[in-house]
file work-v1.cif (mmCIF, N, CA and C atoms, pLDDT in the B column; chains and numbers go by the auth columns)
data_upload
loop_
_atom_site.group_PDB
_atom_site.id
_atom_site.type_symbol
_atom_site.label_atom_id
_atom_site.label_comp_id
_atom_site.label_asym_id
_atom_site.label_seq_id
_atom_site.Cartn_x
_atom_site.Cartn_y
_atom_site.Cartn_z
_atom_site.B_iso_or_equiv
_atom_site.auth_seq_id
_atom_site.auth_asym_id
ATOM 1 N N MET A 1 0.841 -1.188 0.000 59.00 38 A
ATOM 2 C CA MET A 1 0.000 0.000 0.000 59.00 38 A
ATOM 3 C C MET A 1 0.885 1.250 0.000 59.00 38 A
ATOM 4 N N PRO A 2 0.577 2.230 -0.860 74.00 39 A
ATOM 5 C CA PRO A 2 1.403 3.439 -0.926 74.00 39 A
ATOM 6 C C PRO A 2 1.380 4.231 0.388 74.00 39 A
ATOM 7 N N GLU A 3 2.520 4.816 0.689 93.00 40 A
ATOM 8 C CA GLU A 3 2.665 5.598 1.910 93.00 40 A
ATOM 9 C C GLU A 3 2.091 7.012 1.745 93.00 40 A
ATOM 10 N N PHE A 4 2.144 7.543 0.508 96.00 41 A
ATOM 11 C CA PHE A 4 1.684 8.905 0.234 96.00 41 A
ATOM 12 C C PHE A 4 0.601 8.890 -0.837 96.00 41 A
ATOM 13 N N ASP A 5 -0.201 9.958 -0.863 97.00 42 A
ATOM 14 C CA ASP A 5 -1.202 10.111 -1.913 97.00 42 A
ATOM 15 C C ASP A 5 -0.567 10.661 -3.190 97.00 42 A
ATOM 16 N N LEU A 6 0.397 11.568 -3.030 97.00 43 A
ATOM 17 C CA LEU A 6 0.994 12.255 -4.169 97.00 43 A
ATOM 18 C C LEU A 6 2.441 12.593 -3.880 97.00 43 A
ATOM 19 N N ILE A 7 3.303 12.419 -4.872 97.00 44 A
ATOM 20 C CA ILE A 7 4.673 12.920 -4.797 97.00 44 A
ATOM 21 C C ILE A 7 4.896 13.810 -6.007 97.00 44 A
ATOM 22 N N ILE A 8 5.330 15.027 -5.752 97.00 45 A
ATOM 23 C CA ILE A 8 5.701 15.958 -6.814 97.00 45 A
ATOM 24 C C ILE A 8 7.216 15.927 -6.875 97.00 45 A
ATOM 25 N N ARG A 9 7.739 15.490 -8.012 97.00 46 A
ATOM 26 C CA ARG A 9 9.178 15.250 -8.161 97.00 46 A
ATOM 27 C C ARG A 9 9.847 16.300 -9.047 97.00 46 A
ATOM 28 N N ASN A 10 11.141 16.486 -8.829 97.00 47 A
ATOM 29 C CA ASN A 10 12.014 17.288 -9.699 97.00 47 A
ATOM 30 C C ASN A 10 11.661 18.768 -9.750 97.00 47 A
ATOM 31 N N ALA A 11 11.057 19.298 -8.708 97.00 48 A
ATOM 32 C CA ALA A 11 10.675 20.709 -8.688 97.00 48 A
ATOM 33 C C ALA A 11 11.817 21.570 -8.162 97.00 48 A
ATOM 34 N N LYS A 12 11.806 22.824 -8.557 97.00 49 A
ATOM 35 C CA LYS A 12 12.682 23.830 -7.970 97.00 49 A
ATOM 36 C C LYS A 12 11.957 24.288 -6.705 97.00 49 A
ATOM 37 N N VAL A 13 12.394 23.812 -5.546 96.00 50 A
ATOM 38 C CA VAL A 13 11.683 24.034 -4.291 96.00 50 A
ATOM 39 C C VAL A 13 12.204 25.301 -3.610 96.00 50 A
ATOM 40 N N ILE A 14 11.265 26.188 -3.305 93.00 51 A
ATOM 41 C CA ILE A 14 11.550 27.381 -2.506 93.00 51 A
ATOM 42 C C ILE A 14 10.696 27.227 -1.257 93.00 51 A
ATOM 43 N N ASP A 15 11.349 27.012 -0.112 84.00 52 A
ATOM 44 C CA ASP A 15 10.591 26.617 1.080 84.00 52 A
ATOM 45 C C ASP A 15 10.200 27.767 2.005 84.00 52 A
ATOM 46 N N GLY A 16 10.562 28.996 1.677 81.00 53 A
ATOM 47 C CA GLY A 16 10.135 30.136 2.471 81.00 53 A
ATOM 48 C C GLY A 16 10.944 30.401 3.721 81.00 53 A
ATOM 49 N N THR A 17 12.022 29.652 3.927 84.00 54 A
ATOM 50 C CA THR A 17 12.852 29.840 5.122 84.00 54 A
ATOM 51 C C THR A 17 13.950 30.869 4.912 84.00 54 A
ATOM 52 N N GLY A 18 14.143 31.294 3.667 88.00 55 A
ATOM 53 C CA GLY A 18 15.246 32.196 3.347 88.00 55 A
ATOM 54 C C GLY A 18 16.471 31.454 2.843 88.00 55 A
ATOM 55 N N ASN A 19 16.441 30.128 2.923 91.00 56 A
ATOM 56 C CA ASN A 19 17.530 29.320 2.378 91.00 56 A
ATOM 57 C C ASN A 19 17.454 29.330 0.865 91.00 56 A
ATOM 58 N N PRO A 20 18.561 29.032 0.189 95.00 57 A
ATOM 59 C CA PRO A 20 18.524 28.967 -1.276 95.00 57 A
ATOM 60 C C PRO A 20 17.567 27.869 -1.756 95.00 57 A
ATOM 61 N N TRP A 21 17.045 28.045 -2.964 96.00 58 A
ATOM 62 C CA TRP A 21 16.185 27.014 -3.550 96.00 58 A
ATOM 63 C C TRP A 21 17.006 25.753 -3.791 96.00 58 A
ATOM 64 N N PHE A 22 16.308 24.628 -3.970 96.00 59 A
ATOM 65 C CA PHE A 22 16.980 23.361 -4.279 96.00 59 A
ATOM 66 C C PHE A 22 16.061 22.508 -5.136 96.00 59 A
ATOM 67 N N TRP A 23 16.657 21.586 -5.895 97.00 60 A
ATOM 68 C CA TRP A 23 15.865 20.615 -6.659 97.00 60 A
ATOM 69 C C TRP A 23 15.365 19.586 -5.670 97.00 60 A
ATOM 70 N N GLY A 24 14.047 19.386 -5.627 97.00 61 A
ATOM 71 C CA GLY A 24 13.527 18.484 -4.611 97.00 61 A
ATOM 72 C C GLY A 24 12.226 17.811 -4.969 97.00 61 A
ATOM 73 N N ASP A 25 11.758 17.026 -4.016 97.00 62 A
ATOM 74 C CA ASP A 25 10.510 16.277 -4.108 97.00 62 A
ATOM 75 C C ASP A 25 9.654 16.631 -2.895 97.00 62 A
ATOM 76 N N VAL A 26 8.336 16.685 -3.109 96.00 63 A
ATOM 77 C CA VAL A 26 7.407 16.967 -2.020 96.00 63 A
ATOM 78 C C VAL A 26 6.346 15.870 -2.008 96.00 63 A
ATOM 79 N N ALA A 27 6.154 15.269 -0.840 96.00 64 A
ATOM 80 C CA ALA A 27 5.159 14.209 -0.674 96.00 64 A
ATOM 81 C C ALA A 27 3.952 14.757 0.070 96.00 64 A
ATOM 82 N N ILE A 28 2.764 14.360 -0.396 96.00 65 A
ATOM 83 C CA ILE A 28 1.500 14.792 0.197 96.00 65 A
ATOM 84 C C ILE A 28 0.749 13.557 0.686 96.00 65 A
ATOM 85 N N GLN A 29 0.218 13.647 1.906 96.00 66 A
ATOM 86 C CA GLN A 29 -0.630 12.594 2.457 96.00 66 A
ATOM 87 C C GLN A 29 -1.903 13.260 2.958 96.00 66 A
ATOM 88 N N GLY A 30 -3.027 12.914 2.375 95.00 67 A
ATOM 89 C CA GLY A 30 -4.272 13.589 2.722 95.00 67 A
ATOM 90 C C GLY A 30 -4.206 15.034 2.273 95.00 67 A
ATOM 91 N N GLU A 31 -4.413 15.948 3.183 90.00 68 A
ATOM 92 C CA GLU A 31 -4.356 17.381 2.885 90.00 68 A
ATOM 93 C C GLU A 31 -3.106 18.040 3.466 90.00 68 A
ATOM 94 N N LYS A 32 -2.114 17.234 3.831 93.00 69 A
ATOM 95 C CA LYS A 32 -0.921 17.772 4.483 93.00 69 A
ATOM 96 C C LYS A 32 0.356 17.417 3.735 93.00 69 A
ATOM 97 N N ILE A 33 1.327 18.309 3.840 93.00 70 A
ATOM 98 C CA ILE A 33 2.664 18.040 3.312 93.00 70 A
ATOM 99 C C ILE A 33 3.324 17.060 4.267 93.00 70 A
ATOM 100 N N ALA A 34 3.715 15.899 3.754 94.00 71 A
ATOM 101 C CA ALA A 34 4.296 14.854 4.592 94.00 71 A
ATOM 102 C C ALA A 34 5.819 14.880 4.572 94.00 71 A
ATOM 103 N N ALA A 35 6.413 15.352 3.465 94.00 72 A
ATOM 104 C CA ALA A 35 7.875 15.378 3.364 94.00 72 A
ATOM 105 C C ALA A 35 8.304 16.348 2.285 94.00 72 A
ATOM 106 N N VAL A 36 9.402 17.050 2.562 94.00 73 A
ATOM 107 C CA VAL A 36 10.080 17.890 1.574 94.00 73 A
ATOM 108 C C VAL A 36 11.537 17.466 1.623 94.00 73 A
ATOM 109 N N THR A 37 12.036 16.913 0.512 95.00 74 A
ATOM 110 C CA THR A 37 13.384 16.357 0.509 95.00 74 A
ATOM 111 C C THR A 37 14.145 16.786 -0.736 95.00 74 A
ATOM 112 N N PRO A 38 15.478 16.698 -0.699 96.00 75 A
ATOM 113 C CA PRO A 38 16.229 16.866 -1.932 96.00 75 A
ATOM 114 C C PRO A 38 15.789 15.815 -2.955 96.00 75 A
ATOM 115 N N ARG A 39 15.931 16.141 -4.216 96.00 76 A
ATOM 116 C CA ARG A 39 15.484 15.278 -5.313 96.00 76 A
ATOM 117 C C ARG A 39 16.051 13.863 -5.190 96.00 76 A
ATOM 118 N N GLY A 40 15.164 12.887 -5.373 95.00 77 A
ATOM 119 C CA GLY A 40 15.563 11.488 -5.433 95.00 77 A
ATOM 120 C C GLY A 40 15.583 10.734 -4.119 95.00 77 A
ATOM 121 N N LEU A 41 15.290 11.394 -2.998 96.00 78 A
ATOM 122 C CA LEU A 41 15.358 10.699 -1.708 96.00 78 A
ATOM 123 C C LEU A 41 14.083 9.945 -1.353 96.00 78 A
ATOM 124 N N ILE A 42 12.980 10.225 -2.041 93.00 79 A
ATOM 125 C CA ILE A 42 11.744 9.479 -1.817 93.00 79 A
ATOM 126 C C ILE A 42 11.665 8.404 -2.898 93.00 79 A
ATOM 127 N N ALA A 43 11.631 7.166 -2.496 92.00 80 A
ATOM 128 C CA ALA A 43 11.677 6.041 -3.430 92.00 80 A
ATOM 129 C C ALA A 43 10.450 5.995 -4.339 92.00 80 A
ATOM 130 N N GLU A 44 10.655 5.488 -5.543 88.00 81 A
ATOM 131 C CA GLU A 44 9.556 5.257 -6.480 88.00 81 A
ATOM 132 C C GLU A 44 8.587 4.247 -5.865 88.00 81 A
ATOM 133 N N GLY A 45 7.326 4.366 -6.200 90.00 82 A
ATOM 134 C CA GLY A 45 6.327 3.410 -5.744 90.00 82 A
ATOM 135 C C GLY A 45 5.748 3.695 -4.376 90.00 82 A
ATOM 136 N N LEU A 46 6.161 4.800 -3.740 94.00 83 A
ATOM 137 C CA LEU A 46 5.636 5.110 -2.413 94.00 83 A
ATOM 138 C C LEU A 46 4.390 5.987 -2.447 94.00 83 A
ATOM 139 N N ALA A 47 3.893 6.303 -3.655 95.00 84 A
ATOM 140 C CA ALA A 47 2.709 7.152 -3.753 95.00 84 A
ATOM 141 C C ALA A 47 1.723 6.595 -4.760 95.00 84 A
ATOM 142 N N LYS A 48 0.452 6.918 -4.550 94.00 85 A
ATOM 143 C CA LYS A 48 -0.585 6.534 -5.499 94.00 85 A
ATOM 144 C C LYS A 48 -0.376 7.252 -6.823 94.00 85 A
ATOM 145 N N THR A 49 0.051 8.529 -6.750 95.00 86 A
ATOM 146 C CA THR A 49 0.265 9.350 -7.941 95.00 86 A
ATOM 147 C C THR A 49 1.591 10.070 -7.816 95.00 86 A
ATOM 148 N N SER A 50 2.295 10.179 -8.931 96.00 87 A
ATOM 149 C CA SER A 50 3.555 10.902 -8.974 96.00 87 A
ATOM 150 C C SER A 50 3.516 11.879 -10.149 96.00 87 A
ATOM 151 N N LEU A 51 3.899 13.132 -9.893 97.00 88 A
ATOM 152 C CA LEU A 51 3.926 14.154 -10.930 97.00 88 A
ATOM 153 C C LEU A 51 5.355 14.635 -11.140 97.00 88 A
ATOM 154 N N ASP A 52 5.755 14.838 -12.392 97.00 89 A
ATOM 155 C CA ASP A 52 7.068 15.385 -12.695 97.00 89 A
ATOM 156 C C ASP A 52 6.921 16.892 -12.871 97.00 89 A
ATOM 157 N N ALA A 53 7.563 17.663 -12.004 97.00 90 A
ATOM 158 C CA ALA A 53 7.475 19.120 -12.033 97.00 90 A
ATOM 159 C C ALA A 53 8.733 19.752 -12.619 97.00 90 A
ATOM 160 N N LYS A 54 9.443 19.025 -13.482 96.00 91 A
ATOM 161 C CA LYS A 54 10.674 19.538 -14.081 96.00 91 A
ATOM 162 C C LYS A 54 10.399 20.883 -14.746 96.00 91 A
ATOM 163 N N GLY A 55 11.222 21.873 -14.416 94.00 92 A
ATOM 164 C CA GLY A 55 11.083 23.199 -14.978 94.00 92 A
ATOM 165 C C GLY A 55 10.093 24.088 -14.248 94.00 92 A
ATOM 166 N N LEU A 56 9.474 23.570 -13.189 97.00 93 A
ATOM 167 C CA LEU A 56 8.485 24.334 -12.436 97.00 93 A
ATOM 168 C C LEU A 56 8.992 24.655 -11.032 97.00 93 A
ATOM 169 N N VAL A 57 8.446 25.719 -10.446 95.00 94 A
ATOM 170 C CA VAL A 57 8.774 26.116 -9.084 95.00 94 A
ATOM 171 C C VAL A 57 7.673 25.626 -8.155 95.00 94 A
ATOM 172 N N LEU A 58 8.064 25.084 -7.000 95.00 95 A
ATOM 173 C CA LEU A 58 7.112 24.596 -6.005 95.00 95 A
ATOM 174 C C LEU A 58 7.434 25.280 -4.680 95.00 95 A
ATOM 175 N N CYS A 59 6.438 25.908 -4.085 92.00 96 A
ATOM 176 C CA CYS A 59 6.595 26.631 -2.823 92.00 96 A
ATOM 177 C C CYS A 59 5.690 25.988 -1.775 92.00 96 A
ATOM 178 N N PRO A 60 6.099 24.865 -1.197 89.00 97 A
ATOM 179 C CA PRO A 60 5.223 24.160 -0.261 89.00 97 A
ATOM 180 C C PRO A 60 5.056 24.915 1.055 89.00 97 A
ATOM 181 N N GLY A 61 3.808 25.058 1.463 79.00 98 A
ATOM 182 C CA GLY A 61 3.533 25.610 2.775 79.00 98 A
ATOM 183 C C GLY A 61 3.375 27.112 2.846 79.00 98 A
ATOM 184 N N PHE A 62 3.545 27.827 1.738 76.00 99 A
ATOM 185 C CA PHE A 62 3.294 29.263 1.782 76.00 99 A
ATOM 186 C C PHE A 62 2.815 29.747 0.432 76.00 99 A
ATOM 187 N N ILE A 63 2.239 30.932 0.423 68.00 100 A
ATOM 188 C CA ILE A 63 1.713 31.519 -0.795 68.00 100 A
ATOM 189 C C ILE A 63 2.585 32.700 -1.175 68.00 100 A
ATOM 190 N N ASP A 64 3.051 32.744 -2.414 57.00 101 A
ATOM 191 C CA ASP A 64 3.864 33.840 -2.922 57.00 101 A
ATOM 192 C C ASP A 64 2.921 34.897 -3.499 57.00 101 A
ATOM 193 N N ILE A 65 2.708 35.980 -2.715 59.00 102 A
ATOM 194 C CA ILE A 65 1.788 37.015 -3.195 59.00 102 A
ATOM 195 C C ILE A 65 2.480 37.942 -4.153 59.00 102 A
#

call {"tool": "encode", "arguments": {"input": "work-v1.cif", "output": "structure tokens"}}
result
Amino acid sequence: MPEFDLIIRNAKVIDGTGNPWFWGDVAIQGEKIAAVTPRGLIAEGLAKTSLDAKGLVLCPGFIDI
């Protein structure tokens, strides 16, 4: 059984902490962010759905106004 509902892979992650952006993956379980990791650390097959966000920016947990 998959551990996550969704994994968004290969995104340019800006996490809102002031740290530099990084290439990463974000896992979602239900309506919550379950993990934010550098790219490739979440194994394949751990989610019901996986999206490739190559070339896109992902800002988990905050809204860029």

call {"tool": "closest_residue", "arguments": {"input": "work-v1.cif", "among": "A:Glu68, A:Ala80, A:Phe59, A:Lys85", "to": "Asn47 (chain A)", "atoms": "only C-alpha atoms"}}
result
A:Phe59

call {"tool": "resolve_selection", "arguments": {"input": "work-v1.cif", "expression": "the PyMOL selection byres (((chain A and resi 44 and name CA) around 8) and name CA)", "output": "list in words"}}
result
Phe41, Asp42, Leu43, Ile45, Arg46, Asp62, Val63, Ala64, Ile65, Ala84, Thr86, Ser87 and Leu88 of chain A

call {"tool": "write_last_selection", "arguments": {"input": "work-v1.cif", "atoms": "N, CA and C atoms", "output": "short mmCIF file (atom, residue, chain, number, x, y, z; two decimals), in the coordinates of the input"}}
result
data_model
loop_
_atom_site.label_atom_id
_atom_site.label_comp_id
_atom_site.auth_asym_id
_atom_site.auth_seq_id
_atom_site.Cartn_x
_atom_site.Cartn_y
_atom_site.Cartn_z
N PHE A 41 2.14 7.54 0.51
CA PHE A 41 1.68 8.90 0.23
C PHE A 41 0.60 8.89 -0.84
N ASP A 42 -0.20 9.96 -0.86
CA ASP A 42 -1.20 10.11 -1.91
C ASP A 42 -0.57 10.66 -3.19
N LEU A 43 0.40 11.57 -3.03
CA LEU A 43 0.99 12.26 -4.17
C LEU A 43 2.44 12.59 -3.88
N ILE A 45 5.33 15.03 -5.75
CA ILE A 45 5.70 15.96 -6.81
C ILE A 45 7.22 15.93 -6.88
N ARG A 46 7.74 15.49 -8.01
CA ARG A 46 9.18 15.25 -8.16
C ARG A 46 9.85 16.30 -9.05
N ASP A 62 11.76 17.03 -4.02
CA ASP A 62 10.51 16.28 -4.11
C ASP A 62 9.65 16.63 -2.90
N VAL A 63 8.34 16.68 -3.11
CA VAL A 63 7.41 16.97 -2.02
C VAL A 63 6.35 15.87 -2.01
N ALA A 64 6.15 15.27 -0.84
CA ALA A 64 5.16 14.21 -0.67
C ALA A 64 3.95 14.76 0.07
N ILE A 65 2.76 14.36 -0.40
CA ILE A 65 1.50 14.79 0.20
C ILE A 65 0.75 13.56 0.69
N ALA A 84 3.89 6.30 -3.66
CA ALA A 84 2.71 7.15 -3.75
C ALA A 84 1.72 6.60 -4.76
N THR A 86 0.05 8.53 -6.75
CA THR A 86 0.26 9.35 -7.94
C THR A 86 1.59 10.07 -7.82
N SER A 87 2.30 10.18 -8.93
CA SER A 87 3.56 10.90 -8.97
C SER A 87 3.52 11.88 -10.15
N LEU A 88 3.90 13.13 -9.89
CA LEU A 88 3.93 14.15 -10.93
C LEU A 88 5.36 14.64 -11.14
#

call {"tool": "atom_distance", "arguments": {"input": "work-v1.cif", "atom1": "atom C of Gly92 (chain A)", "atom2": "atom N of Glu40 (chain A)"}}
result
25.5 Å

call {"tool": "residues_around", "arguments": {"input": "work-v1.cif", "residues": "Cys96 (chain A)", "least_positions_apart": "6", "cutoff": "6 Å", "atoms": "all atoms listed in the file", "output": "ChimeraX atom specification"}}
result
/A:50-52

call {"tool": "axis_aligned_box", "arguments": {"input": "work-v1.cif", "around": "region 51-56 of chain A", "padding_each_side": "5 Å", "output": "JSON"}}
result
{"center_x": 13.8, "center_y": 29.2, "center_z": 0.9, "size_x": 17.4, "size_y": 16.0, "size_z": 18.4}

call {"tool": "select_by_dssp", "arguments": {"input": "work-v1.cif", "residues": "region 39-101 of chain A", "states": "strand (DSSP E)", "output": "number ranges by chain"}}
result
A: 41-50, 59-66, 69-75, 84-89, 94-95

call {"tool": "atom_distance", "arguments": {"input": "work-v1.cif", "atom1": "atom N of Phe99 (chain A)", "atom2": "atom N of Thr54 (chain A)"}}
result
8.9 Å

call {"tool": "build_atoms", "arguments": {"input": "work-v1.cif", "residues": "region 64-80 of chain A", "atoms": "N, CA, C and O atoms", "output": "compact mmCIF listing (two decimals), in the frame of the given file"}}
result
# COMPACT_ATOMS: atom_id res chain seq x y z
N ALA A 64 6.15 15.27 -0.84
CA ALA A 64 5.16 14.21 -0.67
C ALA A 64 3.95 14.76 0.07
O ALA A 64 4.09 15.51 1.04
N ILE A 65 2.76 14.36 -0.40
CA ILE A 65 1.50 14.79 0.20
C ILE A 65 0.75 13.56 0.69
O ILE A 65 0.64 12.56 -0.03
N GLN A 66 0.22 13.65 1.91
CA GLN A 66 -0.63 12.59 2.46
C GLN A 66 -1.90 13.26 2.96
O GLN A 66 -1.83 14.13 3.83
N GLY A 67 -3.03 12.91 2.38
CA GLY A 67 -4.27 13.59 2.72
C GLY A 67 -4.21 15.03 2.27
O GLY A 67 -3.90 15.32 1.13
N GLU A 68 -4.41 15.95 3.18
CA GLU A 68 -4.36 17.38 2.88
C GLU A 68 -3.11 18.04 3.47
O GLU A 68 -3.04 19.26 3.59
N LYS A 69 -2.11 17.23 3.83
CA LYS A 69 -0.92 17.77 4.48
C LYS A 69 0.36 17.42 3.74
O LYS A 69 0.46 16.37 3.10
N ILE A 70 1.33 18.31 3.84
CA ILE A 70 2.66 18.04 3.31
C ILE A 70 3.32 17.06 4.27
O ILE A 70 3.47 17.34 5.46
N ALA A 71 3.72 15.90 3.75
CA ALA A 71 4.30 14.85 4.59
C ALA A 71 5.82 14.88 4.57
O ALA A 71 6.45 14.47 5.54
N ALA A 72 6.41 15.35 3.46
CA ALA A 72 7.88 15.38 3.36
C ALA A 72 8.30 16.35 2.28
O ALA A 72 7.65 16.46 1.25
N VAL A 73 9.40 17.05 2.56
CA VAL A 73 10.08 17.89 1.57
C VAL A 73 11.54 17.47 1.62
O VAL A 73 12.19 17.59 2.66
N THR A 74 12.04 16.91 0.51
CA THR A 74 13.38 16.36 0.51
C THR A 74 14.14 16.79 -0.74
O THR A 74 13.54 17.15 -1.74
N PRO A 75 15.48 16.70 -0.70
CA PRO A 75 16.23 16.87 -1.93
C PRO A 75 15.79 15.82 -2.96
O PRO A 75 15.34 14.72 -2.59
N ARG A 76 15.93 16.14 -4.22
CA ARG A 76 15.48 15.28 -5.31
C ARG A 76 16.05 13.86 -5.19
O ARG A 76 17.22 13.67 -4.90
N GLY A 77 15.16 12.89 -5.37
CA GLY A 77 15.56 11.49 -5.43
C GLY A 77 15.58 10.73 -4.12
O GLY A 77 15.84 9.54 -4.11
N LEU A 78 15.29 11.39 -3.00
CA LEU A 78 15.36 10.70 -1.71
C LEU A 78 14.08 9.94 -1.35
O LEU A 78 14.10 9.10 -0.46
N ILE A 79 12.98 10.22 -2.04
CA ILE A 79 11.74 9.48 -1.82
C ILE A 79 11.66 8.40 -2.90
O ILE A 79 11.65 8.71 -4.09
N ALA A 80 11.63 7.17 -2.50
CA ALA A 80 11.68 6.04 -3.43
C ALA A 80 10.45 6.00 -4.34
O ALA A 80 9.35 6.41 -3.95
